[in-house]
>>> print(open('structure-v2.txt').read())   # compact mmCIF, C-alpha atoms
# COMPACT_ATOMS: atom_id res chain seq x y z
CA MET A 264 -10.29 6.30 23.66
CA THR A 265 -6.67 7.18 22.83
CA PRO A 266 -4.71 4.16 21.52
CA THR A 267 -1.83 2.83 23.59
CA ILE A 268 1.01 0.38 23.03
CA PRO A 269 -0.34 -3.00 24.23
CA ASP A 270 1.40 -4.53 27.26
CA PHE A 271 3.37 -1.35 27.96
CA GLN A 272 3.01 0.45 31.27
CA TYR A 273 2.31 4.18 31.20
CA GLN A 274 3.51 6.77 33.68
CA ARG A 275 4.46 10.41 33.98
CA VAL A 276 8.04 11.18 34.93
CA SER A 277 9.29 14.58 36.07
CA VAL A 278 12.44 15.57 34.15
CA THR A 279 12.85 19.14 35.39
CA GLU A 280 10.88 21.61 37.44
CA GLY A 281 7.45 22.03 35.85
CA VAL A 282 7.98 19.48 33.06
CA SER A 283 6.90 15.84 33.16
CA LEU A 284 6.94 13.46 30.22
CA ASN A 285 4.34 10.86 29.34
CA VAL A 286 6.19 7.60 28.79
CA ALA A 287 5.38 3.99 27.94
CA VAL A 288 7.76 1.29 29.17
CA GLY A 289 7.79 -2.38 28.24
CA GLY A 290 10.00 -5.45 28.04
CA SER A 291 13.22 -6.25 29.87
CA GLY A 292 16.89 -6.29 29.03
CA THR A 293 19.33 -3.64 27.86
CA PRO A 294 17.51 -0.30 27.50
CA ILE A 295 16.64 1.57 24.33
CA VAL A 296 14.73 4.86 24.15
CA LEU A 297 12.61 5.62 21.06
CA LEU A 298 11.78 9.24 20.18
CA HIS A 299 8.92 10.13 17.86
CA GLY A 300 8.76 12.58 14.97
CA PHE A 301 6.31 15.12 13.51
CA PRO A 302 3.34 15.17 13.37
CA GLU A 303 3.16 12.13 15.62
CA THR A 304 3.42 10.97 19.21
CA HIS A 305 5.11 8.00 20.88
CA LEU A 306 2.47 5.81 19.16
CA MET A 307 4.48 5.86 15.92
CA TRP A 308 6.78 3.28 17.57
CA ARG A 309 3.96 0.92 18.59
CA HIS A 310 5.01 -1.96 16.29
CA VAL A 311 8.77 -1.56 16.68
CA ALA A 312 8.50 -1.13 20.45
CA ALA A 313 6.49 -4.35 20.81
CA ASP A 314 9.06 -6.20 18.69
CA LEU A 315 12.09 -4.90 20.61
CA ALA A 316 10.45 -5.55 23.99
CA ALA A 317 11.11 -9.26 23.48
CA ASP A 318 14.72 -8.71 24.54
CA HIS A 319 15.10 -5.05 25.57
CA THR A 320 13.66 -2.59 28.03
CA VAL A 321 11.92 -0.19 25.65
CA ILE A 322 11.21 3.38 26.77
CA VAL A 323 8.90 5.40 24.55
CA PRO A 324 8.13 8.98 25.64
CA ASP A 325 6.23 11.85 24.16
CA LEU A 326 8.74 14.66 23.70
CA ARG A 327 8.19 17.84 25.68
CA GLY A 328 5.61 19.91 23.85
CA TYR A 329 3.99 16.87 22.21
CA GLY A 330 1.34 14.29 22.99
CA ASP A 331 0.51 13.94 26.68
CA SER A 332 3.81 15.40 27.89
CA ASP A 333 3.93 18.87 29.41
CA LYS A 334 4.06 21.86 27.10
CA PRO A 335 5.87 24.70 28.85
CA LEU A 336 5.42 28.19 27.46
CA GLU A 337 8.26 29.31 25.23
CA ASP A 338 10.03 31.85 27.44
CA GLY A 339 13.27 31.97 25.47
CA PRO A 340 15.27 30.02 22.90
CA ASP A 341 16.29 27.32 25.38
CA THR A 342 12.75 26.12 26.18
CA TYR A 343 12.53 23.92 23.10
CA SER A 344 16.17 23.71 22.07
CA LYS A 345 17.25 20.19 21.18
CA ARG A 346 19.85 20.51 23.95
CA THR A 347 17.07 21.00 26.50
CA MET A 348 14.97 18.21 25.00
CA ALA A 349 17.99 15.88 24.95
CA GLN A 350 18.56 16.56 28.64
CA ASP A 351 14.90 15.66 29.23
CA VAL A 352 15.55 12.25 27.68
CA VAL A 353 18.74 11.60 29.65
CA THR A 354 17.03 12.57 32.90
CA LEU A 355 14.00 10.42 32.03
CA ALA A 356 16.17 7.34 31.51
CA GLN A 357 18.10 7.99 34.72
CA ARG A 358 14.90 8.31 36.74
CA LEU A 359 13.80 4.99 35.30
CA GLY A 360 17.07 3.47 36.50
CA HIS A 361 19.22 3.57 33.35
CA GLU A 362 22.53 5.47 33.41
CA ARG A 363 23.42 4.35 29.86
CA PHE A 364 21.09 3.44 27.01
CA ALA A 365 20.70 3.16 23.26
CA LEU A 366 18.70 5.90 21.56
CA ALA A 367 16.72 5.98 18.32
CA GLY A 368 14.81 8.94 16.95
CA HIS A 369 12.68 9.71 13.94
CA ASP A 370 12.34 13.18 12.38
CA ARG A 371 12.16 15.72 15.27
CA GLY A 372 13.07 12.95 17.69
CA ALA A 373 16.14 12.17 15.59
CA LEU A 374 17.32 15.76 16.01
CA VAL A 375 16.91 15.39 19.78
CA ALA A 376 18.78 12.07 19.61
CA PHE A 377 21.59 13.63 17.57
CA ARG A 378 22.02 16.39 20.15
CA ALA A 379 21.94 13.85 22.98
CA GLY A 380 24.71 11.90 21.28
CA LEU A 381 26.91 14.99 21.03
CA ASP A 382 26.14 16.35 24.49
CA HIS A 383 26.12 13.03 26.39
CA PRO A 384 28.61 10.67 24.71
CA ALA A 385 29.22 8.70 27.90
CA VAL A 386 25.49 8.02 28.27
CA ILE A 387 24.35 7.07 24.74
CA THR A 388 25.69 3.63 23.79
CA HIS A 389 24.23 3.44 20.27
CA LEU A 390 22.42 6.02 18.15
CA ALA A 391 19.92 5.66 15.29
CA CYS A 392 18.49 8.61 13.33
CA LEU A 393 15.62 8.09 10.90
CA ASP A 394 14.93 10.34 7.91
CA VAL A 395 16.65 13.58 8.87
CA LEU A 396 19.83 15.52 8.36
CA PRO A 397 21.46 17.29 11.30
CA THR A 398 19.84 20.71 11.69
CA LEU A 399 22.74 22.75 10.34
CA ASP A 400 23.13 20.52 7.29
CA MET A 401 19.38 20.57 6.67
CA TRP A 402 19.26 24.34 6.38
CA GLU A 403 22.35 24.39 4.15
CA ALA A 404 20.79 21.75 1.86
CA LEU A 405 17.59 23.74 1.27
CA HIS A 406 17.90 26.22 -1.57
CA GLY A 407 15.96 27.56 -4.54
CA VAL A 408 12.55 26.25 -5.50
CA THR A 409 13.40 22.74 -4.26
CA ALA A 410 13.23 24.16 -0.72
CA ALA A 411 9.44 24.42 -1.15
CA VAL A 412 9.24 20.82 0.12
CA GLY A 413 10.18 22.25 3.51
CA PHE A 414 7.73 25.15 3.52
CA HIS A 415 6.63 24.30 7.06
CA LEU A 416 10.18 24.82 8.31
CA TYR A 417 10.15 28.41 7.10
CA LEU A 418 6.63 29.07 8.36
CA MET A 419 7.37 27.88 11.88
CA ALA A 420 10.71 29.71 11.95
CA GLN A 421 8.88 33.05 12.09
CA PRO A 422 8.62 35.06 15.35
CA PRO A 423 5.83 34.12 17.78
CA GLY A 424 2.33 35.06 16.74
CA LEU A 425 1.60 34.63 13.06
CA PRO A 426 2.57 30.98 12.51
CA GLU A 427 0.63 29.85 15.56
CA LYS A 428 -2.49 31.73 14.44
CA MET A 429 -2.28 30.43 10.89
CA ILE A 430 -1.83 26.80 11.94
CA GLN A 431 -4.48 26.93 14.67
CA ALA A 432 -6.99 28.23 12.12
CA SER A 433 -6.79 24.93 10.19
CA SER A 434 -4.75 22.59 12.35
CA ASP A 435 -6.27 19.31 11.17
CA GLU A 436 -5.72 20.25 7.53
CA PHE A 437 -2.17 21.42 8.25
CA PHE A 438 -1.00 18.38 10.21
CA GLY A 439 -3.10 15.97 8.15
CA TYR A 440 -1.38 17.22 5.00
CA PHE A 441 1.94 15.76 6.17
CA LEU A 442 0.37 12.48 7.21
CA ASP A 443 -1.01 12.21 3.69
CA VAL A 444 1.85 13.34 1.47
CA TRP A 445 4.76 11.86 3.43
CA ALA A 446 3.41 8.30 3.51
CA ASN A 447 3.95 5.79 0.73
CA ASN A 448 1.41 3.55 2.45
CA PRO A 449 -1.37 5.61 4.08
CA ASP A 450 -2.89 2.43 5.54
CA ALA A 451 0.12 2.21 7.86
CA VAL A 452 -1.52 4.94 9.97
CA PRO A 453 -5.02 3.60 10.78
CA ALA A 454 -7.91 5.93 11.47
CA ASP A 455 -7.72 5.76 15.27
CA VAL A 456 -4.00 6.49 15.32
CA ARG A 457 -4.38 9.29 12.79
CA GLU A 458 -7.08 10.88 14.94
CA ALA A 459 -4.84 10.56 18.00
CA TYR A 460 -2.06 12.37 16.12
CA LEU A 461 -4.38 15.14 14.93
CA THR A 462 -5.87 15.61 18.38
CA ALA A 463 -2.45 15.76 20.00
CA CYS A 464 -1.18 18.29 17.45
CA ARG A 465 -4.34 20.39 17.67
CA GLU A 466 -3.72 20.77 21.40
CA ALA A 467 -0.01 21.57 21.02
CA VAL A 468 0.33 24.13 18.23
CA PRO A 469 2.34 26.72 20.23
CA SER A 470 4.82 24.17 21.55
CA ILE A 471 5.24 22.43 18.18
CA VAL A 472 5.93 25.78 16.53
CA ALA A 473 8.38 26.63 19.33
CA ASP A 474 10.22 23.35 18.70
CA TYR A 475 10.60 24.21 15.01
CA ARG A 476 11.49 27.83 15.80
CA ALA A 477 14.38 26.60 17.94
CA SER A 478 15.67 24.64 14.95
CA ALA A 479 15.97 27.86 12.97
CA GLY A 480 17.92 29.56 15.75
CA ILE A 481 19.58 28.12 18.83
CA ASP A 482 19.85 24.57 17.43
CA VAL A 483 21.82 25.89 14.47
CA ASP A 484 24.09 27.75 16.86
CA HIS A 485 24.76 24.58 18.84
CA ASP A 486 25.50 22.54 15.69
CA ARG A 487 27.75 25.27 14.35
CA ALA A 488 29.74 25.35 17.60
CA ASP A 489 30.22 21.57 17.50
CA ARG A 490 31.28 21.66 13.88
CA ALA A 491 33.83 24.39 14.61
CA ALA A 492 35.19 22.38 17.53
CA GLY A 493 35.41 19.21 15.43
CA ASN A 494 33.07 17.31 17.76
CA GLN A 495 31.72 14.01 16.47
CA LEU A 496 29.41 11.25 17.62
CA ALA A 497 31.56 8.72 19.46
CA MET A 498 29.12 5.79 19.54
CA PRO A 499 28.03 3.45 16.71
CA VAL A 500 25.53 5.33 14.55
CA SER A 501 22.93 4.08 12.08
CA VAL A 502 21.09 6.45 9.76
CA LEU A 503 18.14 5.35 7.63
CA GLN A 504 16.54 7.84 5.29
CA GLN A 505 14.76 8.35 2.03
CA ASP A 506 16.81 9.55 -0.90
CA TRP A 507 16.08 13.26 -0.40
CA GLY A 508 19.58 14.03 -1.62
CA ALA A 509 18.68 13.04 -5.17
CA ALA A 510 16.01 15.76 -5.24
CA LEU A 511 17.78 18.44 -3.22
CA GLY A 512 21.31 17.95 -4.51
CA TYR A 513 23.32 16.65 -1.57
CA GLU A 514 25.06 13.43 -0.58
CA ALA A 515 23.46 12.38 2.69
CA ALA A 516 26.04 9.75 3.62
CA ALA A 517 28.86 12.27 3.26
CA LEU A 518 27.06 14.85 5.40
CA TRP A 519 26.40 12.31 8.13
CA GLY A 520 29.92 10.93 7.82
CA ALA A 521 31.34 14.27 8.90
CA TRP A 522 29.53 13.85 12.23
CA ALA A 523 29.92 10.13 12.92
CA LYS A 524 33.12 8.10 13.25
CA ASP A 525 31.32 4.76 13.13
CA LEU A 526 28.46 5.22 10.63
CA ASP A 527 26.16 2.79 8.86
CA HIS A 528 24.07 4.82 6.40
CA SER A 529 21.20 3.28 4.45
CA THR A 530 18.75 4.66 1.91
CA VAL A 531 15.31 3.09 2.27
CA SER A 532 12.36 2.82 -0.09
CA THR A 533 9.57 3.43 2.42
CA GLY A 534 7.78 6.70 3.00
CA HIS A 535 8.73 9.09 5.78
CA PHE A 536 6.81 7.14 8.42
CA MET A 537 9.11 4.14 8.10
CA ALA A 538 8.60 2.77 11.63
CA GLU A 539 4.90 2.41 10.77
CA GLU A 540 5.28 1.52 7.09
CA ALA A 541 8.06 -1.06 7.53
CA PRO A 542 8.26 -1.89 11.26
CA GLU A 543 9.95 -5.26 10.85
CA ASP A 544 12.71 -3.69 8.79
CA ILE A 545 13.24 -0.89 11.30
CA ALA A 546 13.25 -3.26 14.27
CA GLY A 547 15.79 -5.41 12.42
CA ALA A 548 17.98 -2.40 11.67
CA LEU A 549 17.91 -1.37 15.33
CA ARG A 550 18.87 -4.88 16.43
CA THR A 551 21.77 -4.80 13.97
CA LEU A 552 22.89 -1.48 15.44
CA LEU A 553 22.67 -2.78 19.01
CA ALA A 554 24.92 -5.72 18.08
CA ARG A 555 27.72 -3.36 17.07
CA SER A 556 30.46 -2.57 19.55
>>> encode(input="structure-v2.txt", output="structure tokens")
Amino acid sequence: MTPTIPDFQYQRVSVTEGVSLNVAVGGSGTPIVLLHGFPETHLMWRHVAADLAADHTVIVPDLRGYGDSDKPLEDGPDTYSKRTMAQDVVTLAQRLGHERFALAGHDRGALVAFRAGLDHPAVITHLACLDVLPTLDMWEALHGVTAAVGFHLYLMAQPPGLPEKMIQASSDEFFGYFLDVWANNPDAVPADVREAYLTACREAVPSIVADYRASAGIDVDHDRADRAAGNQLAMPVSVLQQDWGAALGYEAAALWGAWAKDLDHSTVSTGHFMAEEAPEDIAGALRTLLARS
């Protein structure tokens, strides 16, 4: 049986023609939407969501292409652009009755959250991004042999066909690799949750690759256009990430500062799966963000 977030209600919500998202909703109070990363599903937020539900309405979807959400065929660069996925999230919240909401994302979900903040500044009240750089900055930071840490980015950037076949041939080993090497505390992802992640990824290889492919193409174009226009995130922003800059030669706070007027940047000592490895710390950081005005 697939694990769920206890005491949360599950439903499917249509966000555009042919695409519905699987979403868990719990708690009451001012709304916050939590977006998962790779190679996970909404379950990565299970501890943080339960904590925040004490005083917030917590909305936890599977992104399009992931988990139990719909996985439309990639019929062009827009299908899995972060702009499209951000609109999914805004529409989801509206259909649940929330015209404005706070938004937190991890990894891939953080890229969707970042795009939502730029595209929908009147809707997103507060923004948290966990363990990423904006897409354009990420590609500019990767260079030389140190870029090998992001080998999956280059693999999934290739045209349709080869990356999907390669990953499908050994999907559990591929996705399991990241669950193993990116965690400082492997026990933070128990066996049933790990199996749920692997099963979900196994069933979503084409859409996951399409998501990453968009980040090597149209997502860069969108970031580049915003940078050229001088667009910035208008809401309070919190960024928590590992110290990748020390290894790859960049200053993360400075890169994020160029995008955010009101930024709180923190370097954390957990592994990549920080919402599972240190849920109390992440819930506390989100509460601190929500208290800012």
>>> atom_distance(input="structure-v2.txt", atom1="CA of Ala517 in chain A", atom2="CA of Ala376 in chain A")
19.2 Å
>>> atom_distance(input="structure-v2.txt", atom1="CA of Ala365 in chain A", atom2="CA of Pro335 in chain A")
26.7 Å
>>> closest_residue(input="structure-v2.txt", among="A:Phe441, A:Ala349, A:Leu405, A:Ala420", to="Ile387 in chain A", atoms="only C-alpha atoms")
A:Ala349
>>> closest_residue(input="structure-v2.txt", among="A:Ala473, A:Leu359, A:Ala463, A:Leu374", to="Gly424 in chain A", atoms="only C-alpha atoms")
A:Ala473
>>> atom_distance(input="structure-v2.txt", atom1="CA of Met498 in chain A", atom2="CA of Leu366 in chain A")
10.6 Å
>>> closest_residue(input="structure-v2.txt", among="A:Met264, A:Ala446, A:Leu553, A:Ala312", to="Gly534 in chain A", atoms="only C-alpha atoms")
A:Ala446
>>> residues_around(input="structure-v2.txt", residues="Gly281 in chain A", least_positions_apart="4", cutoff="12 Å", atoms="only C-alpha atoms", output="PyMOL selection string")
chain A and resi 276-277+327+332-336+342+351
>>> residues_around(input="structure-v2.txt", residues="Leu326 in chain A", least_positions_apart="3", cutoff="8 Å", atoms="all atoms listed in the file", output="PDB file with C-alpha atoms, keeping the file's coordinate frame")
ATOM      1  CA  LEU A 284       6.940  13.460  30.220  1.00  0.00           C
ATOM      2  CA  LEU A 298      11.780   9.240  20.180  1.00  0.00           C
ATOM      3  CA  HIS A 299       8.920  10.130  17.860  1.00  0.00           C
ATOM      4  CA  THR A 304       3.420  10.970  19.210  1.00  0.00           C
ATOM      5  CA  TYR A 329       3.990  16.870  22.210  1.00  0.00           C
ATOM      6  CA  GLY A 330       1.340  14.290  22.990  1.00  0.00           C
ATOM      7  CA  SER A 332       3.810  15.400  27.890  1.00  0.00           C
ATOM      8  CA  MET A 348      14.970  18.210  25.000  1.00  0.00           C
ATOM      9  CA  GLY A 372      13.070  12.950  17.690  1.00  0.00           C
TER      10      GLY A 372
END
>>> closest_residue(input="structure-v2.txt", among="A:Val395, A:Ile295, A:Leu416, A:Leu381", to="Leu549 in chain A", atoms="all atoms listed in the file")
A:Ile295
